[in-house]
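Next up, start-v9.txt (compact mmCIF, C-alpha atoms):
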```txt
# COMPACT_ATOMS: atom_id res chain seq x y z
CA MET A 35 -8.93 -14.52 -2.85
CA THR A 36 -11.77 -13.21 -0.69
CA ARG A 37 -11.76 -10.37 1.76
CA GLN A 38 -12.91 -12.35 4.79
CA PRO A 39 -9.72 -14.49 4.94
CA VAL A 40 -7.60 -11.35 4.76
CA LEU A 41 -9.48 -9.97 7.76
CA TRP A 42 -8.85 -13.21 9.59
CA LEU A 43 -5.17 -13.22 8.66
CA SER A 44 -4.69 -9.60 9.75
CA THR A 45 -6.47 -10.23 13.05
CA LEU A 46 -4.38 -13.28 13.86
CA LEU A 47 -1.17 -11.51 12.90
CA GLY A 48 -2.06 -8.66 15.19
CA ALA A 49 -2.85 -11.03 18.04
CA ALA A 50 -0.11 -13.61 17.64
CA LEU A 51 2.88 -12.24 15.78
CA VAL A 52 2.92 -8.45 15.65
CA CYS A 53 3.51 -7.42 19.23
CA ALA A 54 7.20 -7.44 20.03
CA ALA A 55 6.45 -8.68 23.54
CA CYS A 56 4.56 -11.64 22.05
CA ALA A 57 7.16 -12.55 19.44
CA GLU A 58 9.03 -15.10 21.51
CA ALA A 59 5.85 -16.94 22.51
CA ALA A 60 4.52 -16.83 18.96
CA LEU A 61 7.69 -18.34 17.50
CA GLU A 62 7.67 -20.99 20.21
CA ARG A 63 4.10 -21.90 19.26
CA LEU A 64 5.09 -22.14 15.61
CA GLY A 65 8.09 -24.30 16.40
CA LEU A 66 10.48 -21.57 15.30
CA ALA A 67 12.18 -20.69 18.59
CA ASP A 68 15.61 -21.63 17.21
CA ILE A 69 15.33 -20.21 13.68
CA GLN A 70 18.47 -18.99 11.98
CA PRO A 71 18.85 -15.31 11.04
CA LEU A 72 17.51 -14.22 7.67
CA SER A 73 18.77 -11.27 5.62
CA VAL A 74 16.14 -9.19 3.82
CA ALA A 75 16.76 -6.23 1.49
CA PHE A 76 13.89 -3.86 0.69
CA VAL A 77 14.38 -1.70 -2.42
CA VAL A 78 11.34 0.52 -3.01
CA HIS A 79 10.35 3.56 -5.07
CA GLY A 80 8.69 5.40 -2.17
CA GLN A 81 10.59 8.21 -0.49
CA ASP A 82 11.74 8.02 3.13
CA ASP A 83 9.88 11.21 4.09
CA ASP A 84 6.56 9.80 2.87
CA PRO A 85 4.35 8.74 5.84
CA PHE A 86 2.99 5.81 3.81
CA TRP A 87 6.45 4.37 3.29
CA GLN A 88 7.40 5.06 6.88
CA GLU A 89 4.49 2.78 7.80
CA VAL A 90 5.67 0.09 5.38
CA ARG A 91 9.15 0.31 6.84
CA ALA A 92 7.79 0.09 10.38
CA GLY A 93 6.05 -3.16 9.46
CA ALA A 94 9.26 -4.56 7.99
CA GLU A 95 11.24 -3.60 11.08
CA ASP A 96 8.66 -5.16 13.41
CA ALA A 97 8.75 -8.38 11.41
CA ALA A 98 12.54 -8.38 11.40
CA GLN A 99 12.51 -8.17 15.17
CA ALA A 100 9.87 -10.88 15.53
CA PHE A 101 11.40 -13.28 13.02
CA ASP A 102 15.11 -12.72 13.65
CA ALA A 103 15.96 -11.04 10.34
CA SER A 104 18.59 -8.47 9.47
CA LEU A 105 17.01 -5.73 7.41
CA SER A 106 18.31 -3.37 4.74
CA TRP A 107 16.00 -0.59 3.57
CA GLN A 108 16.78 1.53 0.51
CA SER A 109 14.60 3.74 -1.64
CA SER A 110 14.89 5.78 -4.80
CA ALA A 111 12.46 7.33 -7.23
CA GLN A 112 14.89 6.48 -10.05
CA THR A 113 14.50 3.04 -11.62
CA GLU A 114 18.17 2.84 -12.61
CA GLU A 115 19.22 3.49 -9.01
CA ARG A 116 16.87 0.79 -7.70
CA VAL A 117 18.33 -1.69 -10.19
CA ARG A 118 21.78 -0.85 -8.87
CA MET A 119 20.60 -1.26 -5.28
CA VAL A 120 19.15 -4.70 -5.99
CA ASP A 121 22.32 -5.75 -7.78
CA THR A 122 24.38 -4.67 -4.76
CA ALA A 123 22.09 -6.56 -2.37
CA LEU A 124 22.52 -9.71 -4.45
CA ALA A 125 26.30 -9.29 -4.47
CA GLN A 126 26.19 -8.97 -0.68
CA GLY A 127 24.33 -12.28 -0.43
CA PHE A 128 20.93 -11.21 0.89
CA ASP A 129 18.54 -14.15 1.23
CA VAL A 130 15.41 -12.17 0.36
CA VAL A 131 14.89 -9.17 -1.92
CA VAL A 132 11.66 -7.16 -1.70
CA VAL A 133 10.94 -4.71 -4.51
CA THR A 134 8.22 -2.48 -5.91
CA LEU A 135 7.30 -2.42 -9.59
CA SER A 136 6.20 1.15 -10.21
CA ASP A 137 8.19 0.84 -13.46
CA PRO A 138 7.79 -2.84 -14.46
CA PRO A 139 9.80 -2.75 -17.72
CA GLY A 140 12.70 -1.04 -15.99
CA MET A 141 12.80 -3.59 -13.15
CA GLU A 142 12.12 -6.79 -15.08
CA ARG A 143 15.72 -7.75 -15.87
CA ILE A 144 17.02 -7.36 -12.32
CA VAL A 145 14.05 -9.20 -10.81
CA ARG A 146 14.58 -12.14 -13.15
CA GLU A 147 18.31 -12.06 -12.43
CA ALA A 148 17.71 -12.07 -8.68
CA VAL A 149 15.60 -15.22 -9.02
CA VAL A 150 18.27 -16.92 -11.12
CA ARG A 151 20.91 -15.98 -8.55
CA GLY A 152 18.94 -17.81 -5.86
CA ALA A 153 17.27 -15.02 -3.88
CA LEU A 154 13.69 -15.20 -2.70
CA VAL A 155 12.03 -12.24 -4.45
CA TYR A 156 8.81 -10.60 -3.29
CA VAL A 157 6.93 -7.69 -4.84
CA ILE A 158 4.99 -5.28 -2.65
CA ASN A 159 2.69 -2.31 -3.25
CA GLU A 160 2.67 -2.27 -7.05
CA GLY A 161 3.06 -4.76 -9.88
CA VAL A 162 0.68 -7.61 -9.04
CA GLN A 163 0.13 -8.37 -12.73
CA TYR A 164 3.88 -8.68 -13.34
CA ALA A 165 5.24 -10.21 -10.13
CA THR A 166 4.96 -13.94 -10.74
CA GLY A 167 5.55 -13.49 -14.47
CA PHE A 168 8.94 -11.99 -13.66
CA GLY A 169 9.64 -14.95 -11.39
CA ALA A 170 8.91 -13.35 -8.01
CA ASP A 171 7.65 -15.69 -5.33
CA ALA A 172 4.65 -13.62 -4.23
CA PHE A 173 2.96 -10.21 -4.18
CA PHE A 174 1.69 -8.35 -1.12
CA GLY A 175 -0.42 -5.28 -1.77
CA MET A 176 -3.36 -3.89 -3.68
CA VAL A 177 -4.52 -4.33 -7.27
CA GLU A 178 -4.53 -0.74 -8.50
CA THR A 179 -7.00 -1.37 -11.33
CA VAL A 180 -9.54 -2.86 -8.93
CA ALA A 181 -9.01 -0.02 -6.46
CA GLY A 182 -9.44 2.61 -9.17
CA LEU A 183 -12.62 1.04 -10.47
CA ALA A 184 -14.08 0.76 -6.98
CA ALA A 185 -13.20 4.34 -6.08
CA GLY A 186 -14.63 5.61 -9.35
CA GLU A 187 -17.83 3.65 -8.83
CA ARG A 188 -18.33 5.11 -5.37
CA LEU A 189 -17.75 8.63 -6.61
CA ALA A 190 -20.10 8.10 -9.55
CA GLU A 191 -22.79 6.77 -7.22
CA ALA A 192 -22.38 9.94 -5.15
CA GLY A 193 -22.95 12.08 -8.25
CA ALA A 194 -19.50 12.69 -9.76
CA THR A 195 -19.47 13.30 -13.52
CA LYS A 196 -16.01 14.82 -14.06
CA PHE A 197 -13.07 14.45 -11.66
CA LEU A 198 -9.62 15.84 -11.05
CA CYS A 199 -7.15 12.99 -10.40
CA VAL A 200 -4.15 14.29 -8.45
CA LEU A 201 -0.93 12.28 -8.88
CA HIS A 202 2.14 12.69 -6.68
CA GLU A 203 4.79 10.63 -8.52
CA ALA A 204 5.81 11.00 -12.15
CA GLY A 205 6.20 7.74 -14.05
CA ASN A 206 4.33 5.64 -11.48
CA ARG A 207 2.20 3.27 -13.52
CA GLY A 208 0.06 2.19 -10.59
CA LEU A 209 -1.12 5.72 -9.87
CA VAL A 210 -2.02 6.21 -13.51
CA GLU A 211 -4.00 2.96 -13.45
CA ARG A 212 -6.03 4.23 -10.50
CA CYS A 213 -7.01 7.33 -12.45
CA GLU A 214 -7.73 5.52 -15.71
CA GLN A 215 -9.91 2.90 -14.05
CA ALA A 216 -11.83 5.50 -12.05
CA GLU A 217 -12.49 7.31 -15.33
CA PHE A 218 -14.27 4.22 -16.66
CA ARG A 219 -16.86 4.65 -13.91
CA ILE A 220 -17.11 8.44 -13.78
CA GLY A 221 -16.79 9.27 -17.45
CA GLU A 222 -14.41 12.22 -17.66
CA MET A 223 -11.06 13.00 -16.00
CA ILE A 224 -8.53 15.80 -15.71
CA ARG A 225 -5.08 14.63 -14.59
CA LEU A 226 -2.82 16.78 -12.38
CA LEU A 227 0.76 15.96 -11.30
CA VAL A 228 1.95 17.70 -8.12
CA ASP A 229 4.89 17.61 -5.72
CA PRO A 230 3.69 16.47 -2.25
CA ARG A 231 6.69 18.15 -0.59
CA ARG A 232 5.25 21.55 -1.57
CA GLY A 233 1.87 21.71 0.17
CA SER A 234 1.17 25.32 -0.75
CA SER A 235 1.87 24.51 -4.38
CA VAL A 236 -0.52 21.53 -4.24
CA GLU A 237 -3.28 23.75 -2.87
CA ALA A 238 -2.66 26.42 -5.48
CA ARG A 239 -2.58 23.99 -8.39
CA VAL A 240 -5.73 22.16 -7.31
CA ALA A 241 -7.48 25.52 -6.95
CA GLU A 242 -6.23 26.57 -10.38
CA SER A 243 -7.64 23.39 -11.96
CA LEU A 244 -11.00 23.88 -10.26
CA THR A 245 -11.10 27.49 -11.42
CA LYS A 246 -10.28 26.65 -15.02
CA ASP A 247 -12.91 23.92 -15.24
CA PRO A 248 -16.16 24.61 -13.36
CA GLU A 249 -17.52 21.23 -14.49
CA ILE A 250 -15.14 19.34 -12.18
CA ASP A 251 -17.33 18.03 -9.36
CA ALA A 252 -14.95 15.54 -7.71
CA VAL A 253 -11.30 15.29 -6.71
CA LEU A 254 -9.43 12.00 -6.21
CA THR A 255 -6.13 12.28 -4.34
CA SER A 256 -3.34 9.84 -3.43
CA ASP A 257 -0.62 9.81 -0.75
CA GLY A 258 -2.86 10.33 2.27
CA SER A 259 -2.81 13.67 4.02
CA ARG A 260 0.22 15.01 2.14
CA ILE A 261 -2.07 15.56 -0.85
CA ALA A 262 -5.51 15.32 0.76
CA GLY A 263 -4.72 18.14 3.23
CA PRO A 264 -3.83 20.90 0.76
CA ALA A 265 -6.42 19.60 -1.73
CA THR A 266 -9.13 19.91 0.93
CA ALA A 267 -8.03 23.48 1.67
CA ALA A 268 -8.45 24.32 -2.02
CA ILE A 269 -11.77 22.51 -2.36
CA ASP A 270 -13.22 24.22 0.72
CA ARG A 271 -12.71 27.62 -0.87
CA PHE A 272 -15.06 26.64 -3.69
CA ARG A 273 -17.50 24.89 -1.38
CA ALA A 274 -17.78 28.14 0.57
CA GLU A 275 -19.10 29.72 -2.63
CA GLY A 276 -21.75 27.02 -2.99
CA ARG A 277 -20.00 24.69 -5.43
CA VAL A 278 -20.50 20.96 -4.76
CA ILE A 279 -17.20 19.08 -5.02
CA LEU A 280 -16.71 15.53 -3.76
CA HIS A 281 -13.32 14.47 -2.41
CA ALA A 282 -12.00 10.90 -2.06
CA ALA A 283 -8.49 9.98 -0.91
CA PHE A 284 -6.13 7.05 -1.27
CA GLY A 285 -4.33 6.57 2.04
CA VAL A 286 -5.58 6.61 5.62
CA ASP A 287 -4.07 8.70 8.41
CA GLU A 288 -5.27 10.99 11.18
CA LEU A 289 -5.96 14.00 8.97
CA VAL A 290 -7.89 11.88 6.48
CA LEU A 291 -9.95 10.33 9.28
CA ARG A 292 -10.84 13.80 10.55
CA GLY A 293 -11.80 14.77 7.02
CA ILE A 294 -14.20 11.84 6.82
CA GLU A 295 -15.67 12.74 10.19
CA ASP A 296 -16.30 16.37 9.22
CA ASP A 297 -17.59 15.39 5.74
CA SER A 298 -14.85 17.17 3.80
CA ILE A 299 -13.69 13.74 2.53
CA LEU A 300 -16.31 11.29 1.28
CA PHE A 301 -14.21 8.15 1.75
CA ALA A 302 -10.63 6.89 1.87
CA VAL A 303 -9.04 3.81 0.32
CA ASP A 304 -6.65 1.76 2.46
CA GLU A 305 -4.09 -0.83 1.36
CA GLN A 306 -2.55 -1.71 4.74
CA PRO A 307 1.01 -0.39 4.35
CA TRP A 308 2.21 -1.86 7.64
CA LEU A 309 1.33 -5.36 6.44
CA GLN A 310 3.05 -4.70 3.12
CA GLY A 311 6.27 -4.43 5.08
CA TYR A 312 5.54 -7.11 7.66
CA LEU A 313 4.27 -10.00 5.55
CA PRO A 314 7.25 -10.54 3.20
CA VAL A 315 9.63 -10.96 6.15
CA ALA A 316 7.24 -13.17 8.09
CA TYR A 317 6.40 -15.30 5.08
CA ALA A 318 10.05 -15.77 4.13
CA GLN A 319 10.79 -17.37 7.49
CA LEU A 320 7.56 -19.39 7.47
CA LYS A 321 8.39 -20.71 4.03
CA ARG A 322 11.94 -21.47 5.08
CA TYR A 323 10.66 -23.61 7.97
CA SER A 324 7.39 -24.82 6.47
CA ALA A 325 8.09 -28.42 7.49
CA ARG A 326 8.07 -27.36 11.14
CA THR A 327 4.95 -25.19 10.98
CA ARG A 328 2.83 -27.75 9.16
CA GLY A 329 -0.43 -28.11 11.05
CA ASP A 330 -0.48 -24.56 12.42
CA GLU A 331 -3.58 -22.87 11.00
CA LEU A 332 -2.16 -19.36 10.65
CA ALA A 333 1.11 -20.48 9.10
CA SER A 334 -0.70 -22.84 6.72
CA VAL A 335 -3.03 -20.12 5.48
CA MET A 336 -0.15 -17.70 4.91
CA LEU A 337 1.80 -20.31 2.98
CA GLN A 338 -1.18 -21.33 0.85
CA TRP A 339 -2.13 -17.79 -0.09
CA ALA A 340 1.36 -16.57 -0.82
CA GLU A 341 2.22 -19.69 -2.79
CA ALA A 342 -0.86 -19.02 -4.89
CA GLY A 343 0.71 -15.72 -5.96
CA GLY A 344 0.27 -13.39 -3.03
CA VAL A 345 -2.01 -11.74 -0.50
CA LEU A 346 -4.26 -8.85 -1.50
CA LEU A 347 -4.38 -6.13 1.15
CA GLY A 348 -6.80 -3.71 -0.48
CA PRO A 349 -8.84 -1.86 -1.45
CA GLY A 350 -10.46 -1.38 1.94
CA PHE A 351 -12.81 1.59 2.32
CA VAL A 352 -13.23 3.94 5.26
CA ASP A 353 -16.24 6.27 5.32
CA ARG A 354 -18.77 7.68 7.76
CA ARG A 355 -20.22 4.21 8.33
CA ASN A 356 -17.04 2.73 9.79
CA VAL A 357 -14.70 5.62 10.64
CA GLU A 358 -15.49 5.31 14.35
CA GLN A 359 -14.71 1.60 14.24
CA VAL A 360 -11.37 2.32 12.58
CA ARG A 361 -10.50 5.02 15.10
CA SER A 362 -11.59 3.04 18.16
CA SER A 363 -9.64 -0.04 17.03
CA GLY A 364 -6.42 1.96 16.88
CA ALA A 365 -5.82 0.16 13.59
CA VAL A 366 -4.46 3.13 11.69
CA ALA A 367 -1.46 3.20 13.99
CA VAL A 368 -0.37 -0.32 13.06
CA GLY A 369 -2.07 -0.93 9.74
CA ALA A 370 -3.16 -4.50 10.56
CA TRP A 371 -6.81 -4.24 9.62
CA TRP A 372 -9.32 -4.77 6.86
CA LEU A 373 -12.76 -3.28 6.41
CA ASP A 374 -15.21 -4.38 3.75
CA GLN A 375 -18.01 -1.94 2.97
CA SER A 376 -18.89 -3.32 -0.45
```

Before anything else, please render the file you have as structure tokens.
Amino acid sequence: MTRQPVLWLSTLLGAALVCAACAEAALERLGLADIQPLSVAFVVHGQDDDPFWQEVRAGAEDAAQAFDASLSWQSSAQTEERVRMVDTALAQGFDVVVVTLSDPPGMERIVREAVVRGALVYVINEGVQYATGFGADAFFGMVETVAGLAAGERLAEAGATKFLCVLHEAGNRGLVERCEQAEFRIGEMIRLLVDPRRGSSVEARVAESLTKDPEIDAVLTSDGSRIAGPATAAIDRFRAEGRVILHAAFGVDELVLRGIEDDSILFAVDEQPWLQGYLPVAYAQLKRYSARTRGDELASVMLQWAEAGGVLLGPGFVDRRNVEQVRSSGAVAVGAWWLDQS
């Protein structure tokens, strides 16, 4: 699956299906003006106060409005609680269940059971290597191993030899994979788990790690500005003393963009959270009425890609070469974009 088609898909979605004011005309064009309501339950590991997951939820809500779907959104960091939530959604008769696989072994049984019980099951954000094997219909998100390797390679090319990888969720396999794959390219890693809800603590703990190990010359953060902000504050204290420390961030938001512009952040990795919420709802209705949409180029591409296992939405990179393009497009606000700087 190449990056150019994803750019094309995102552009067409933004032009034809995303805008609420355009939804009626878009469905008319697709022959879906009289579609029946669809019920979709999202059960994710991300917390409701996390800006990333707020963006995912916004995409899901926009798609629900455009494609006449009733939406349930639930989240929990605890695998057992997510299993219970999915089981409840199935008992309530939801047509579509959308889950994340931050803990694949813990979610496998309920995902397989949902398929057996007749629900359309999609995986978003994490778990691409498990999704179809568990019986899910498709995956929408980023391959964490690829993203980690690419981020590590960019840092290594910039001179990194030992990096601090800052994690914000315990037990999240995808975050660990990012760090481990980046280590393959850089060579040496120190891992640090922090709580993003305690910014001052994040800053203090990053500073402590940099103090303890003067050989650390790069920091890789996740969770956008919630981690990148306090990490930058800590890094800048050492930079002021002449120490060279690179900083790269997973997640794109206004603070991260400003960091790229003022050179405090070397680059950011994007995985289009808005589309992670939007595409499962849109695709479920397109699949449901595929006989009607046959011949429409956009619908056909979406169906072909998702039926092949999913749509990859990252890693996309934002750095000094394209940050102005990202900002001028307004893309960060809606997430429907893709930039290839490879």

Could you check which of A:Thr195, A:Gly182, A:Trp107, A:Glu341 is closest to A:Ala92, using all atoms listed in the file?
A:Trp107

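Take the candidates A:Leu72, A:Ala274, A:Met119, A:Leu300 and check each one against A:Ala100 using only C-alpha atoms; the shortest distance goes to A:Leu72.
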
Can I get the residues of stretch 212-321 of chain A within 10 Å of stretch 126-142 of chain A, each with the closest pair of atoms and their distance in Å to one decimal, using only C-alpha atoms, sorted chain first then ascending number, as JSON lines?
```
{"residue": "A:Gly311", "atom": "CA", "partner": "A:Val132", "partner_atom": "CA", "distance": 9.1}
{"residue": "A:Pro314", "atom": "CA", "partner": "A:Val132", "partner_atom": "CA", "distance": 7.4}
{"residue": "A:Val315", "atom": "CA", "partner": "A:Val130", "partner_atom": "CA", "distance": 8.3}
{"residue": "A:Ala318", "atom": "CA", "partner": "A:Val130", "partner_atom": "CA", "distance": 7.5}
{"residue": "A:Gln319", "atom": "CA", "partner": "A:Val130", "partner_atom": "CA", "distance": 10.0}
```

Measure the distance from atom CA of A:Glu203 to atom CA of A:Asp297 in Å and round it to one decimal.
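Taking atom CA of A:Glu203 as the start and atom CA of A:Asp297 as the end point, the length is 27.0 Å.
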
Please identify all polymer residues lying at most 8 Å from the point (-2.3, 0.0, -3.0) (file coordinates), using all atoms listed in the file, and present the result as a list of chain:residue names.
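Checked against the point, the hits come out as A:Asn159, A:Glu160, A:Gly175, A:Met176, A:Val177, A:Glu178, A:Ala181, A:Asp304, A:Glu305, A:Gln306, A:Leu347, A:Gly348, A:Pro349.
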
Could you tell me how far atom CA of A:Met336 lies from atom CA of A:Asp102, in Å and to one decimal?
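Here the two named atoms are 18.3 Å from each other.
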
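Interatomic distance, atom CA of A:Ala185 against atom CA of A:Glu211: 11.9 Å.
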
Please report, as AutoDock Vina command-line options, the centre and edge lengths in Å to one decimal of an axis-aligned box covering all listed atoms of stretch 336-339 of chain A with 5 Å per side.
```
--center_x -0.2 --center_y -19.5 --center_z 2.4 --size_x 13.9 --size_y 13.6 --size_z 15.0
```

Pick from A:Val278, A:Ile261, A:Leu313, A:Val357 nearest to A:Phe86, counting only C-alpha atoms
A:Ile261

Need the shell around A:Glu288: protein/DNA/RNA residues with any atom at most 9 Å away, counting all atoms listed in the file. Skip same-chain ones fewer than 3 positions apart. Format as a list of chain:residue names?
A:Ser259, A:Leu291, A:Arg292, A:Gly293, A:Arg361, A:Val366

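Minimum distance to A:Ser235 across A:Arg277, A:Gly263, A:Leu254, A:Ala165 (counting only C-alpha atoms) occurs at A:Gly263.
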
Neighbourhood query: residues within 9 Å of (20.3, -9.7, -5.2), file coordinates, counting all atoms listed in the file; return as a count of residues only.
24

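Between A:Leu244 and the candidates A:Val200, A:Val77, A:Cys213, A:Ala98, the tightest atom-to-atom separation, counting all atoms listed in the file, involves A:Val200.
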
Looking at A:Gly80, A:His202, A:Ser243, A:Ala302, which one is nearest to A:Gly186, with distances taken over only C-alpha atoms?
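Closest to A:Gly186 of all the choices is A:Ala302.
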
Pick out the residues sitting within 12 Å of A:Asp270, and hand them over as a short mmCIF file (atom, residue, chain, number, x, y, z; two decimals) with C-alpha atoms, keeping the file's coordinate frame; count all atoms listed in the file, and ignore anything fewer than 3 positions along from it in its own chain.
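Wrote it out as part19.cif, contents follow:
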```cif
data_model
loop_
_atom_site.label_atom_id
_atom_site.label_comp_id
_atom_site.auth_asym_id
_atom_site.auth_seq_id
_atom_site.Cartn_x
_atom_site.Cartn_y
_atom_site.Cartn_z
CA GLU A 237 -3.28 23.75 -2.87
CA VAL A 240 -5.73 22.16 -7.31
CA ALA A 241 -7.48 25.52 -6.95
CA LEU A 244 -11.00 23.88 -10.26
CA VAL A 253 -11.30 15.29 -6.71
CA ALA A 262 -5.51 15.32 0.76
CA GLY A 263 -4.72 18.14 3.23
CA PRO A 264 -3.83 20.90 0.76
CA ALA A 265 -6.42 19.60 -1.73
CA THR A 266 -9.13 19.91 0.93
CA ALA A 267 -8.03 23.48 1.67
CA ARG A 273 -17.50 24.89 -1.38
CA ALA A 274 -17.78 28.14 0.57
CA GLU A 275 -19.10 29.72 -2.63
CA GLY A 276 -21.75 27.02 -2.99
CA ARG A 277 -20.00 24.69 -5.43
CA VAL A 278 -20.50 20.96 -4.76
CA ILE A 279 -17.20 19.08 -5.02
CA LEU A 280 -16.71 15.53 -3.76
CA HIS A 281 -13.32 14.47 -2.41
CA GLY A 293 -11.80 14.77 7.02
CA ASP A 296 -16.30 16.37 9.22
CA ASP A 297 -17.59 15.39 5.74
CA SER A 298 -14.85 17.17 3.80
CA ILE A 299 -13.69 13.74 2.53
#
```
